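This report refers to the structure that appears directly beneath it.
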Amino acid sequence: AEDSLRLESIRKGAEFRRLAEDGSVPEDFLAQADAAITFDFCPAPEDSRILELVNKTNQFNLNGLRRTEADWTSANRQPDSVVGVLSYKDKFGPLGKIAVVQGSRNGTTLSVNTWVMSCRAFSRRVEHQCLRTLFDRFGLTEMVFDFAPTAKNGPLQDFLQALTGNKPSGKVAVTRPEFEAHCPALY
């Protein structure tokens, strides 16, 4: 089913991709896209799409780490573990499951070990909505990202630099006020 959604989103998203490629996705276009984002914080353990995203996504990948099924399951069984799977749809159609975030909570801080997002979601501000949802749902004051540069994760590097004002390196902390100050309008 996810493969069918991806194929259909590629077919229907030509107008959006054309605007995104030249960097000119206008505000009114985003405002009228009728975007709907769903965050699943209790994903089915047998959902193969989750690990597929984690292990195949390159451009928006926090650190390039690949996970075995056993490692993934073990990490998510910890009592302080947080895992979220984001699905997206807009007037161009559904994109399906397009982002995964995984980490552990300690009070009002979330340490993010895994964060990936499909390139099909670029230019829709999904990454901003992902962080907004995490800050709100868990009452967080800070997120600390276990960042490592890779040859391909430039889009994620650019995103973190836009939030912090610094080139990302190692553990990257983003406070809620810092996020709010740099978060564009979300629709």
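Labels used: A, B, ... for chains in the order of the structure tokens, numbers from 1 for residues in each chain, and numbers from 1 for ligands as shown.
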Selection near Asn113 (chain A), 6 Å with only C-alpha atoms, sequence-local residues under 2 positions removed, as a CSV table (one decimal) with N, CA, C and O atoms, in the first residue's frame:
chain,number,residue,atom,x,y,z
A,102,GLN,N,12.9,9.0,16.5
A,102,GLN,CA,13.0,8.1,17.6
A,102,GLN,C,14.0,8.7,18.5
A,102,GLN,O,15.0,9.2,18.1
A,103,GLY,N,13.7,8.6,19.8
A,103,GLY,CA,14.6,9.1,20.8
A,103,GLY,C,14.2,8.7,22.2
A,103,GLY,O,13.3,7.8,22.4
A,146,ASP,N,21.3,13.8,18.0
A,146,ASP,CA,22.6,13.0,17.8
A,146,ASP,C,23.0,13.1,16.3
A,146,ASP,O,22.9,12.2,15.6
Q) Residues at most 6 Å from Ser104 (chain A), counting only C-alpha atoms, excluding those fewer than 3 positions away in the same chain, as a ChimeraX atom specification? A) /A:80-82,110-111
Q.
Taking only region 42-143 of chain A into account, list the residues labelled strand (DSSP E) by DSSP (computed from the backbone), as a VMD selection string.
A. chain A and resid 60 to 61 81 to 90 93 to 106 109 to 117 142 to 143
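If you measure from each of A:Val100, A:Val126, A:Ala70, A:Val144 to Pro168 (chain A) using only C-alpha atoms, the closest one turns out to be A:Val144.
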Q | Ala162 (chain A) surroundings by only C-alpha atoms, 8 Å radius, close-in-sequence under 4 positions cut, as a list in words | A |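 Those residues are Asp158, Asn166 and His182 of chain A.
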Q.
Could you go through region 8-175 of chain A and tell me which residues DSSP, when run on the backbone, assigns to helix (DSSP H, G or I), listing them as a VMD selection string?
A. chain A and resid 8 to 12 14 to 21 27 to 31 48 to 56 69 to 76 119 to 121 126 to 138 154 to 164
Q.
I'd like to know which of A:Arg176, A:Arg132, A:Lys97, A:Arg137 is closest to Ser118 (chain A), using only C-alpha atoms.
A. A:Lys97
Each residue of region 63-181 of chain A with at least one atom at most 10 Å from region 33-36 of chain A should appear once, together with its nearest atom pair and the corresponding distance in Å (one decimal); atoms considered: only C-alpha atoms; ordering: chain, then increasing residue number; output as CSV.
residue,atom,partner,partner_atom,distance
A:Ser87,CA,A:Ala36,CA,8.3
A:Tyr88,CA,A:Ala36,CA,5.8
A:Lys89,CA,A:Ala36,CA,5.4
A:Asp90,CA,A:Ala35,CA,4.2
A:Lys91,CA,A:Ala33,CA,5.5
A:Phe92,CA,A:Ala33,CA,7.7
A:Gly93,CA,A:Ala35,CA,9.4
A:Pro94,CA,A:Ala36,CA,9.0
A:Arg124,CA,A:Ala35,CA,8.7
A:Val126,CA,A:Ala35,CA,9.7
Q: May I ask for the distance between CA of Thr114 (chain A) and CA of Leu30 (chain A), given in Å to one decimal place?
A: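 Distance between the two atoms: 27.1 Å.
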**Q.** For Gly170 (chain A): contacts at 10 Å, only C-alpha atoms, fewer than 5 positions along chain excluded, given as a list in words
**A.**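 Skipping anything fewer than 5 positions along the chain leaves Asn63, Val144, Phe145, Asp146, Phe147, Ala148 and Pro149 of chain A.
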Q: Using CA of Ser48 (chain A) and CA of Gly96 (chain A) as the two end points, give the distance in Å to one decimal.
A: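 Answer for the CA of Ser48 (chain A) to CA of Gly96 (chain A) separation: 13.2 Å.
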